[in-house]
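Quick notes on the structure that follows.
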Amino acid sequence: MAKKNSYMFTSKRHTQKGIMATILGVISLGTLAYTVIMSYLRAGDVPRQYGAAVMLVMIFAFIGIILGVVSKTERDKFYLFSYLGIVLNVLALLVISMILYAGAYA
């Protein structure tokens with residue numbers, strides 16, 4: 001039996017909000033990595049700007065989660081970037097939570 005070559009044409013597209021959520025997640029994790037590495041290299045003597053950057057990361061992560069969830073509710077779309085954005089932004093919030101926990105109980 002020969003395999004039939006078939007193509008499925010679709011009008012589905014990735015959601016714009018899902019893509020934006022993913023971009024915010026990547027920016028958040030990149031900024032967190034930079035602040036942690038620079039804090040380590042400075043032996044804990046960090047300027048206030050690093051704290052402000054982490055605060056912005058937290059805001060970006062919350063917005064990214066909201067965008068990811070909203071983009072997941074759209075119909076007839078691909079949801080790869082929606083799921084990826086949600087995961088990356090939740091990961092960023094978990095990293096911030098671990099940093100705050102370590103700072104409070106270390």
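Scheme for the structure tokens: letters A, B, ... for chains in order shown; per-chain residue numbers from 1; ligand numbers from 1 in order shown.
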
*Residues at most 10 Å from Gly64 in chain A, counting only C-alpha atoms, excluding those fewer than 3 positions away in the same chain, as a PyMOL selection string?*
chain A and resi 17-25+28+58-61+67-70+82+85-90

_Can you tell me which residues surround range 32-44 of chain A at a distance of at most 9 Å, considering only C-alpha atoms, apart from same-chain residues fewer than 6 positions away, and format the answer as a PyMOL selection string?_
chain A and resi 50-51+53-54+57+92+95-96

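Picture a line from CA of Tyr105 in chain A to CA of Leu93 in chain A; it runs 18.2 Å.
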
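In this structure, CA of Arg48 in chain A sits 22.6 Å away from CA of Val26 in chain A.
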
*Report the residues of chain A whose backbone DSSP state falls under alpha helix (DSSP H), written as an MDAnalysis selection string.*
chainID A and resid 16:41 48:72 80:105
